[in-house]
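File shown here: final24.txt, holding compact mmCIF, C-alpha atoms and all ligand atoms.
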```txt
# COMPACT_ATOMS: atom_id res chain seq x y z
CA MET X 1 157.13 85.93 34.15
CA ALA X 2 153.92 87.61 35.36
CA LYS X 3 153.20 87.24 39.05
CA THR X 4 150.39 84.93 40.03
CA PHE X 5 147.87 85.83 42.72
CA LYS X 6 149.69 83.43 45.06
CA ASP X 7 152.99 85.25 44.43
CA LEU X 8 151.31 88.58 45.30
CA MET X 9 149.87 87.19 48.51
CA ASP X 10 153.20 85.64 49.54
CA GLU X 11 154.94 88.92 48.87
CA ALA X 12 152.35 90.84 50.92
CA ARG X 13 152.70 88.37 53.81
CA ARG X 14 156.45 88.96 53.93
CA GLU X 15 155.92 92.71 54.23
CA VAL X 16 152.76 93.08 56.28
CA PRO X 17 152.29 91.83 59.83
CA GLU X 18 149.03 89.94 60.29
CA TRP X 19 147.13 89.87 63.54
CA HIS X 20 144.46 87.40 64.56
CA ILE X 21 141.13 88.90 65.68
CA ASP X 22 141.97 88.12 69.33
CA GLN X 23 145.23 90.02 69.04
CA VAL X 24 143.43 92.99 67.48
CA LYS X 25 140.84 93.03 70.22
CA GLU X 26 143.55 92.90 72.89
CA HIS X 27 145.52 95.76 71.31
CA LEU X 28 142.43 97.94 70.89
CA GLY X 29 141.72 97.52 74.57
CA ASN X 30 145.17 98.38 75.91
CA GLY X 31 145.25 102.09 75.28
CA GLN X 32 147.40 102.50 72.18
CA VAL X 33 145.54 104.41 69.54
CA TYR X 34 145.08 102.57 66.24
CA THR X 35 143.17 103.67 63.21
CA LEU X 36 140.81 100.89 62.22
CA LEU X 37 140.52 100.87 58.46
CA ASP X 38 137.67 99.04 56.74
CA VAL X 39 138.68 98.44 53.11
CA ARG X 40 135.47 96.67 52.05
CA GLU X 41 132.94 98.18 49.67
CA LYS X 42 130.57 100.84 51.07
CA GLU X 43 127.61 98.44 50.93
CA GLU X 44 129.46 95.89 53.07
CA TYR X 45 130.42 98.60 55.57
CA ARG X 46 126.81 99.71 55.83
CA GLU X 47 125.72 96.21 56.81
CA GLY X 48 127.94 96.43 59.89
CA HIS X 49 131.51 97.26 60.89
CA LEU X 50 133.89 97.55 63.84
CA GLY X 51 133.14 100.52 66.11
CA GLY X 52 135.11 103.62 65.09
CA ALA X 53 136.34 102.08 61.82
CA VAL X 54 137.08 104.41 58.94
CA SER X 55 135.60 103.29 55.63
CA LEU X 56 137.92 103.47 52.64
CA PRO X 57 137.18 100.84 49.98
CA ARG X 58 140.31 99.29 48.52
CA GLY X 59 139.60 100.68 45.07
CA PHE X 60 139.84 104.23 46.44
CA LEU X 61 143.09 103.83 48.39
CA GLU X 62 145.31 105.78 45.99
CA ILE X 63 142.98 108.70 45.54
CA ARG X 64 141.60 109.08 49.06
CA ALA X 65 144.18 107.67 51.49
CA GLU X 66 146.08 110.89 52.02
CA GLN X 67 142.90 112.83 52.76
CA THR X 68 141.35 110.14 54.95
CA LEU X 69 144.57 109.08 56.72
CA PRO X 70 146.78 112.18 56.80
CA ASP X 71 149.23 110.92 59.46
CA LYS X 72 151.48 108.29 57.90
CA ALA X 73 153.09 107.44 61.25
CA GLN X 74 149.77 106.58 62.90
CA PRO X 75 149.43 102.79 63.32
CA ILE X 76 146.65 101.32 61.17
CA ILE X 77 144.80 98.03 61.49
CA ALA X 78 143.18 97.20 58.15
CA TYR X 79 140.44 94.64 57.77
CA CYS X 80 138.12 93.33 55.08
CA ALA X 81 135.61 90.49 55.04
CA GLY X 82 138.08 87.61 55.25
CA GLY X 83 141.63 88.98 55.35
CA THR X 84 142.70 88.94 51.69
CA ARG X 85 141.77 92.43 50.51
CA SER X 86 143.12 93.97 53.71
CA LEU X 87 146.47 92.23 53.25
CA LEU X 88 146.82 93.62 49.73
CA ALA X 89 145.57 97.03 50.87
CA ALA X 90 148.09 97.11 53.71
CA LYS X 91 150.90 96.31 51.26
CA GLN X 92 149.72 99.12 49.01
CA LEU X 93 149.57 101.57 51.94
CA LYS X 94 153.13 100.62 52.91
CA GLU X 95 154.23 101.43 49.39
CA MET X 96 152.52 104.81 49.78
CA GLY X 97 154.65 105.55 52.83
CA TYR X 98 152.44 104.41 55.71
CA GLN X 99 154.86 103.10 58.29
CA ASN X 100 152.84 100.79 60.48
CA VAL X 101 150.02 98.88 58.81
CA ILE X 102 148.67 95.59 60.13
CA SER X 103 146.16 93.30 58.44
CA MET X 104 143.55 91.44 60.49
CA THR X 105 143.32 87.75 59.54
CA GLY X 106 139.85 86.26 59.29
CA GLY X 107 138.43 89.76 58.74
CA TYR X 108 135.05 91.06 59.76
CA ALA X 109 133.42 87.62 59.29
CA ALA X 110 135.66 86.07 61.95
CA TRP X 111 135.31 89.11 64.23
CA LYS X 112 131.53 89.02 64.13
CA GLY X 113 131.49 85.20 64.31
CA ALA X 114 133.47 85.38 67.57
CA GLY X 115 130.74 87.55 69.06
CA TYR X 116 132.96 90.65 69.28
CA PRO X 117 131.26 94.08 69.25
CA TRP X 118 130.28 95.64 65.94
CA LYS X 119 127.93 98.38 64.94
CA GLN X 120 125.61 99.26 62.15
CA ASP X 121 125.25 102.88 61.15
CA ARG X 122 121.99 104.54 60.39
CA GLN X 123 120.34 103.07 57.31
CA PHE X 124 119.54 105.70 54.70
CA THR X 125 116.79 105.29 52.15
CA GLN X 126 117.75 105.40 48.48
CA GLU X 127 116.26 108.88 48.31
CA GLN X 128 118.28 110.07 51.31
CA SER X 129 121.47 108.57 49.88
CA THR X 130 120.94 110.65 46.77
CA ARG X 131 119.77 113.79 48.59
CA TYR X 132 122.73 113.85 50.98
CA SER X 133 125.32 112.41 48.58
CA ARG X 134 127.41 115.61 48.57
CA HIS X 135 127.59 115.48 52.36
CA PHE X 136 128.59 111.81 52.26
CA LEU X 137 131.61 112.73 50.14
CA LEU X 138 132.99 115.04 52.84
CA PRO X 139 134.99 113.12 55.46
CA GLU X 140 133.98 115.80 58.01
CA VAL X 141 130.30 114.98 57.46
CA GLY X 142 129.90 111.55 55.90
CA GLU X 143 127.08 109.20 56.79
CA GLU X 144 127.84 109.52 60.47
CA GLY X 145 127.58 113.33 60.34
CA GLN X 146 124.41 113.16 58.29
CA ALA X 147 122.89 110.87 60.93
CA LYS X 148 123.79 113.49 63.55
CA LEU X 149 122.10 116.20 61.48
CA LEU X 150 118.96 114.10 61.06
CA ASP X 151 118.86 113.46 64.81
CA ALA X 152 119.48 117.11 65.71
CA LYS X 153 116.85 119.50 67.06
CA VAL X 154 117.27 123.21 66.40
CA LEU X 155 114.99 125.97 67.68
CA LEU X 156 114.74 129.17 65.66
CA ILE X 157 113.60 132.28 67.46
CA GLY X 158 111.85 134.14 64.65
CA ALA X 159 110.85 133.20 61.09
CA GLY X 160 111.85 136.60 59.71
CA GLY X 161 114.86 137.99 57.89
CA LEU X 162 117.48 135.95 59.77
CA GLY X 163 115.31 132.92 60.49
CA SER X 164 114.41 132.52 56.80
CA PRO X 165 117.83 131.71 55.32
CA THR X 166 118.87 129.82 58.46
CA ALA X 167 115.79 127.60 58.35
CA PHE X 168 116.11 127.12 54.59
CA TYR X 169 119.69 125.85 54.76
CA LEU X 170 119.18 123.79 57.91
CA ALA X 171 116.22 122.05 56.27
CA ALA X 172 118.17 121.50 53.06
CA ALA X 173 121.07 120.04 55.07
CA GLY X 174 118.69 117.56 56.69
CA VAL X 175 118.50 118.87 60.25
CA GLY X 176 115.75 116.53 61.40
CA THR X 177 113.74 118.71 63.75
CA LEU X 178 113.27 122.44 63.33
CA GLY X 179 111.24 124.31 65.92
CA ILE X 180 110.18 127.80 64.91
CA VAL X 181 108.79 130.38 67.34
CA ASP X 182 107.00 133.36 65.79
CA HIS X 183 103.70 134.94 66.71
CA ASP X 184 103.45 137.12 63.61
CA THR X 185 101.67 136.84 60.26
CA VAL X 186 103.23 137.37 56.83
CA ASP X 187 103.14 140.99 55.69
CA LEU X 188 103.85 142.26 52.18
CA SER X 189 106.70 144.38 53.57
CA ASN X 190 108.42 141.19 54.82
CA LEU X 191 108.91 139.70 51.37
CA GLN X 192 111.84 141.97 50.46
CA ARG X 193 114.04 139.75 52.68
CA GLN X 194 112.05 137.03 54.48
CA ILE X 195 112.47 134.43 51.77
CA LEU X 196 110.56 131.63 53.49
CA HIS X 197 107.32 133.43 52.71
CA THR X 198 105.45 134.10 49.47
CA GLN X 199 102.96 136.68 48.25
CA ASP X 200 99.99 134.31 48.33
CA ARG X 201 100.60 133.73 52.05
CA VAL X 202 100.29 137.36 53.11
CA GLY X 203 98.10 137.42 56.22
CA THR X 204 98.79 133.80 57.19
CA PRO X 205 100.86 132.83 60.26
CA LYS X 206 104.60 132.86 59.57
CA VAL X 207 105.09 129.51 61.29
CA ASP X 208 102.58 127.89 58.88
CA SER X 209 104.16 129.57 55.87
CA ALA X 210 107.62 128.43 57.05
CA ARG X 211 106.43 124.85 57.46
CA THR X 212 104.93 124.77 53.96
CA THR X 213 108.17 126.02 52.39
CA LEU X 214 110.52 123.81 54.39
CA GLN X 215 108.55 120.60 53.94
CA ALA X 216 108.31 121.21 50.22
CA LEU X 217 112.10 121.47 50.18
CA ASN X 218 112.81 118.44 52.37
CA PRO X 219 110.13 116.05 53.67
CA ASP X 220 112.72 114.51 56.07
CA VAL X 221 112.45 117.59 58.25
CA HIS X 222 109.92 117.72 61.05
CA VAL X 223 108.88 121.37 61.45
CA ILE X 224 107.25 122.34 64.73
CA GLY X 225 105.66 125.79 64.76
CA TYR X 226 105.04 127.73 67.96
CA ARG X 227 102.76 130.63 67.16
CA GLU X 228 103.44 132.61 70.27
CA ARG X 229 105.52 135.46 71.59
CA VAL X 230 108.62 134.22 73.36
CA ASP X 231 108.84 135.65 76.87
CA SER X 232 110.03 134.86 80.39
CA SER X 233 107.00 132.67 81.04
CA ASN X 234 107.45 130.23 78.14
CA ILE X 235 111.07 130.29 76.98
CA MET X 236 112.49 127.63 79.32
CA GLU X 237 109.77 125.21 78.23
CA LEU X 238 110.33 126.10 74.54
CA ILE X 239 114.09 125.55 74.54
CA LYS X 240 114.33 122.54 76.83
CA ASP X 241 114.16 119.82 74.15
CA TYR X 242 116.45 121.52 71.62
CA ASP X 243 120.19 121.07 71.07
CA VAL X 244 120.93 124.46 69.54
CA ILE X 245 119.02 127.76 69.76
CA VAL X 246 119.28 130.22 66.85
CA ASP X 247 118.47 133.80 67.77
CA GLY X 248 116.98 135.64 64.81
CA CYS X 249 115.02 138.20 66.82
CA ASP X 250 115.01 141.91 66.06
CA ASN X 251 114.68 143.56 69.44
CA PHE X 252 116.67 143.96 72.63
CA PRO X 253 114.25 142.52 75.21
CA THR X 254 114.09 139.21 73.28
CA ARG X 255 117.85 139.19 72.73
CA TYR X 256 118.57 139.49 76.48
CA LEU X 257 115.82 136.99 77.24
CA VAL X 258 117.22 134.38 74.82
CA ASN X 259 120.72 134.99 76.16
CA ASP X 260 119.81 134.57 79.81
CA ALA X 261 117.61 131.53 79.18
CA CYS X 262 120.36 129.82 77.14
CA VAL X 263 122.97 130.51 79.85
CA MET X 264 120.63 129.14 82.52
CA ALA X 265 119.77 126.06 80.45
CA GLY X 266 123.36 125.54 79.21
CA LYS X 267 122.31 125.68 75.54
CA PRO X 268 124.41 127.10 72.68
CA ASN X 269 122.92 130.29 71.26
CA VAL X 270 123.78 131.10 67.66
CA HIS X 271 123.41 134.84 67.51
CA GLY X 272 122.92 137.14 64.54
CA SER X 273 121.92 140.76 64.23
CA ILE X 274 121.60 143.28 61.43
CA PHE X 275 121.30 147.01 61.01
CA GLN X 276 120.76 148.72 57.63
CA PHE X 277 123.91 147.55 55.76
CA GLU X 278 125.82 145.95 58.62
CA GLY X 279 125.54 142.59 60.26
CA GLN X 280 127.21 140.42 62.85
CA ALA X 281 127.13 136.85 64.06
CA THR X 282 128.68 134.81 66.85
CA VAL X 283 128.08 131.74 69.00
CA PHE X 284 127.41 132.16 72.72
CA TYR X 285 128.22 128.82 74.29
CA PRO X 286 127.73 128.62 78.07
CA GLY X 287 130.90 127.41 79.78
CA LYS X 288 132.99 127.76 76.62
CA GLY X 289 132.89 131.48 75.89
CA PRO X 290 131.26 134.81 76.66
CA CYS X 291 127.54 135.51 76.55
CA TYR X 292 125.70 138.52 75.13
CA ARG X 293 125.73 140.26 78.51
CA CYS X 294 129.52 139.88 78.79
CA LEU X 295 129.68 142.16 75.73
CA PHE X 296 126.68 144.38 76.43
CA PRO X 297 125.84 144.44 80.14
CA GLU X 298 123.32 147.24 79.57
CA PRO X 299 120.82 147.66 76.73
CA PRO X 300 120.99 150.87 74.67
CA PRO X 301 118.64 153.62 75.85
CA PRO X 302 115.15 153.24 74.36
CA GLY X 303 115.08 154.74 70.86
CA ALA X 304 118.89 154.82 70.50
CA ALA X 305 118.98 151.65 68.40
CA PRO X 306 116.11 151.75 65.91
CA SER X 307 114.63 148.53 64.53
CA CYS X 308 114.52 147.47 60.86
CA ALA X 309 110.94 148.75 60.71
CA GLU X 310 112.21 152.18 61.72
CA ALA X 311 115.66 152.38 60.12
CA GLY X 312 115.34 150.08 57.11
CA VAL X 313 117.50 147.12 56.12
CA LEU X 314 119.09 145.97 52.89
CA GLY X 315 117.20 142.92 51.65
CA VAL X 316 120.18 140.64 51.06
CA LEU X 317 121.93 141.39 54.36
CA PRO X 318 119.93 139.02 56.60
CA GLY X 319 120.65 136.33 53.99
CA LEU X 320 124.36 136.74 54.59
CA VAL X 321 124.12 136.74 58.37
CA GLY X 322 121.48 133.98 58.48
CA CYS X 323 123.73 131.76 56.35
CA VAL X 324 126.56 132.25 58.86
CA GLN X 325 124.12 131.22 61.60
CA ALA X 326 123.12 128.10 59.63
CA LEU X 327 126.78 127.21 59.07
CA GLU X 328 127.70 127.65 62.71
CA THR X 329 124.69 125.57 63.77
CA ILE X 330 125.76 122.73 61.48
CA LYS X 331 129.35 122.91 62.78
CA LEU X 332 128.07 122.65 66.36
CA ILE X 333 125.93 119.62 65.48
CA LEU X 334 128.79 117.91 63.65
CA ASP X 335 131.33 119.01 66.26
CA THR X 336 133.71 119.93 63.47
CA GLY X 337 135.84 122.93 62.54
CA ARG X 338 136.31 125.94 64.78
CA PRO X 339 133.01 127.46 65.89
CA LEU X 340 132.55 131.23 66.33
CA ILE X 341 132.74 130.91 70.12
CA GLY X 342 134.49 133.96 71.56
CA ARG X 343 134.71 135.54 68.11
CA MET X 344 132.26 137.77 66.28
CA VAL X 345 132.17 138.11 62.51
CA TYR X 346 131.16 141.54 61.37
CA PHE X 347 130.15 142.53 57.81
CA ASP X 348 129.85 145.94 56.27
CA THR X 349 128.13 145.19 52.98
CA LEU X 350 128.68 148.66 51.52
CA THR X 351 132.46 148.31 51.61
CA MET X 352 132.41 144.50 51.77
CA GLU X 353 134.72 144.66 54.73
CA LEU X 354 134.69 141.62 56.91
CA ARG X 355 136.24 141.67 60.35
CA ILE X 356 136.50 139.12 63.10
CA HIS X 357 136.59 140.50 66.63
CA LYS X 358 137.86 138.51 69.58
CA LEU X 359 135.35 138.51 72.42
CA ARG X 360 136.19 138.18 76.08
CA LYS X 361 134.20 136.59 78.83
CA ASP X 362 133.50 139.04 81.65
CA PRO X 363 134.18 137.43 85.05
CA ASP X 364 131.77 139.99 86.55
CA CYS X 365 128.98 139.18 84.04
CA PRO X 366 125.67 139.30 85.96
CA VAL X 367 124.43 136.08 84.33
CA CYS X 368 127.47 133.91 83.42
CA GLY X 369 130.15 135.43 85.69
CA VAL X 370 131.76 134.01 88.81
CA ARG X 371 129.07 135.43 91.11
CA PRO X 372 125.96 135.84 88.98
CA THR X 373 123.35 138.29 90.25
CA ILE X 374 120.69 137.30 87.72
CA THR X 375 119.75 133.72 88.48
CA GLU X 376 116.20 133.72 87.15
CA LEU X 377 114.48 135.37 84.22
CA ILE X 378 113.41 138.97 84.71
CA ASP X 379 111.04 141.43 82.99
CA TYR X 380 113.02 142.20 79.85
CA GLU X 381 110.81 145.02 78.58
CA GLU X 382 111.35 146.80 81.85
CA PHE X 383 115.09 146.02 81.78
CA CYS X 384 115.31 147.61 78.32
CA GLY X 385 113.46 150.69 79.56
CA LEU X 386 110.45 149.99 77.40
CA ARG X 387 108.05 149.87 80.31
CA ALA X 388 108.16 151.76 83.57
CA PRO X 389 108.52 149.40 86.54
CA GLY X 390 105.11 148.20 87.54
CA ALA X 391 103.31 150.09 84.76
CA ALA X 392 100.67 148.41 82.66
CA ALA X 393 101.84 146.57 79.58
CA GLN X 394 101.41 149.42 77.14
CA ALA X 395 104.55 148.44 75.29
CA THR X 396 105.84 151.09 72.95
CA ILE X 397 107.47 148.61 70.63
CA HIS X 398 106.07 145.37 69.42
CA ALA X 399 108.36 142.51 70.35
CA ALA X 400 108.02 140.99 66.90
CA ALA X 401 110.48 138.20 66.28
CA GLY X 402 110.85 139.04 62.64
CA ALA X 403 114.00 141.00 61.81
ZN ZN N 1 128.17 136.60 80.31
```
Using structure tokens, write down the structure that the file contains.
Amino acid sequence: MAKTFKDLMDEARREVPEWHIDQVKEHLGNGQVYTLLDVREKEEYREGHLGGAVSLPRGFLEIRAEQTLPDKAQPIIAYCAGGTRSLLAAKQLKEMGYQNVISMTGGYAAWKGAGYPWKQDRQFTQEQSTRYSRHFLLPEVGEEGQAKLLDAKVLLIGAGGLGSPTAFYLAAAGVGTLGIVDHDTVDLSNLQRQILHTQDRVGTPKVDSARTTLQALNPDVHVIGYRERVDSSNIMELIKDYDVIVDGCDNFPTRYLVNDACVMAGKPNVHGSIFQFEGQATVFYPGKGPCYRCLFPEPPPPGAAPSCAEAGVLGVLPGLVGCVQALETIKLILDTGRPLIGRMVYFDTLTMELRIHKLRKDPDCPVCGVRPTITELIDYEEFCGLRAPGAAAQATIHAAAGA
């Protein structure tokens, strides 16, 4: 004889322990770690849920449980709206090998009715739900991660070869605020690699061109352009409101400046640099790994390391390195994966060799070491030997932030 619904429920009750909302609240407060599992439909979850609850609608249990809940020994408290769906879901999870699954009686309705804490995640518009749908599918991003991206503020130093792909992908991913510092205008010779810009914008400020491109791609993104040269006098003010700084500059004075300012302000600095056919990227995170000066305490002698304008650069190369910078920035915002802190990825595009070097923090580093000797910003042109101490500012290189 086919089982009735009542038979199924009775069977589930014999197998699954049920806890009253008060019991759940007490257990959540006493230190043992439970996974809270919300088995209602996505729309119900969006309206409000228990803090920290994982959303896995009952209809997706078989196909997603092992990905969403990889540890079968981890105790789980399942809930739904009233306690029926969660009881059946808990029974199903037990059959799938989960060892300790409890169902909450009364469900979310009783929990909320009792005045217990609940939260509502960020509400996405229909357009955003569609735009970010591929992120929502990834448990490592999801709606919570997308909300973090939309709330994040990233400052790009330079809208050139590296800044272009980085800004493009950060805007596409929905990073809500993108600051871009670049004093330069678009030049025809930039277009071989600086993909934010177009031929009809030659002669216009790069920050304006960048804004036009990025807002056409994603109107969610607030683009703030700073048409100025970054230097010791303005950098602390520029970086202070941003969560992550992306260094896409093409010269040594700016690279040391960005490094020192980020160490002093405690901001992560996503670094990239390119030369002809080779590129490298890493993350300098104050307090968590080395800084640029730990690796290169002294700049190369003037003229020893020519710029792209002097030595040339393969057009696709900054795309590769800039994409690594965008990826690392997103990982930092989401706090997921293993960031490139203390490691540098190095590409040789001619041989397509990719190496990852371990980087060590220097305890004697003049800026992030145990006894730092550089505690305020200095004259970086002078430090890089590009200007004699005290001499007038007849700089021999232009500190263009446009790799
Ligand atoms: Zn250092």
For this session: Would you kindly return, as an MDAnalysis selection string, each protein, DNA or RNA residue with an atom no farther than 9 Å from any atom of Ile157 in chain X, considering only C-alpha atoms and excluding same-chain residues fewer than 5 positions away?
Result: chainID X and resid 163 179:182 230 245:249 258 401:402
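In terms of minimum interatomic distance to Cys291 in chain X, X:Gly342 ranks closest within X:Gly142, X:Gly342, X:Gly51, X:Gly158, counting all atoms listed in the file.
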Exercise. So what do you get for CA of His197 in chain X versus CA of Leu155 in chain X, distance-wise?
Worked result: 18.4 Å
For this session: Do a neighbour search on Gln120 in chain X at 7 Å with all atoms listed in the file, toss out local chain neighbours closer than 5 positions, and write the hits as a PyMOL selection string.
Result: chain X and resi 46-49
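Those protein and nucleic acid residues that have any atom within 9 Å of ligand ZN 1 (chain N) are, using all atoms listed in the file, Asn259, Asp260, Val263, Phe284, Pro286, Gly289, Pro290, Cys291, Tyr292, Arg293, Cys294, Leu295, Phe296, Pro297, Lys361, Asp362, Pro363, Asp364, Cys365, Pro366, Val367, Cys368, Gly369 and Pro372 of chain X.
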Seminar exercise, completed: Counting only C-alpha atoms, the residue among X:Asn251, X:Thr84, X:Ser55, X:Asn190 that lies closest to Phe5 in chain X is X:Thr84
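Residues having any atom no farther than 10 Å from (124.1, 129.4, 58.8) (counting all atoms listed in the file) are Leu162, Gly163, Pro165, Thr166, Ala167, Phe168, Tyr169, Leu170, Val246, Val270, Gly272, Ala281, Gly319, Leu320, Val321, Gly322, Cys323, Val324, Gln325, Ala326, Leu327, Glu328, Thr329, Ile330 and Lys331 of chain X.
Distance annotation: of X:Val154, X:His222, X:Glu140, X:Ala304, the residue with the minimal separation from Leu238 in chain X is X:Val154; atom set is all atoms listed in the file.
The coordinates place CA of Asp38 in chain X at 17.8 Å from CA of Gln123 in chain X.
In this model, the gap between CA of Arg14 in chain X and CA of Leu93 in chain X comes to 14.5 Å.
Considering all atoms listed in the file, the residue among X:Leu28, X:Val39, X:Val207, X:Leu50 positioned nearest to Tyr116 in chain X is X:Leu50.
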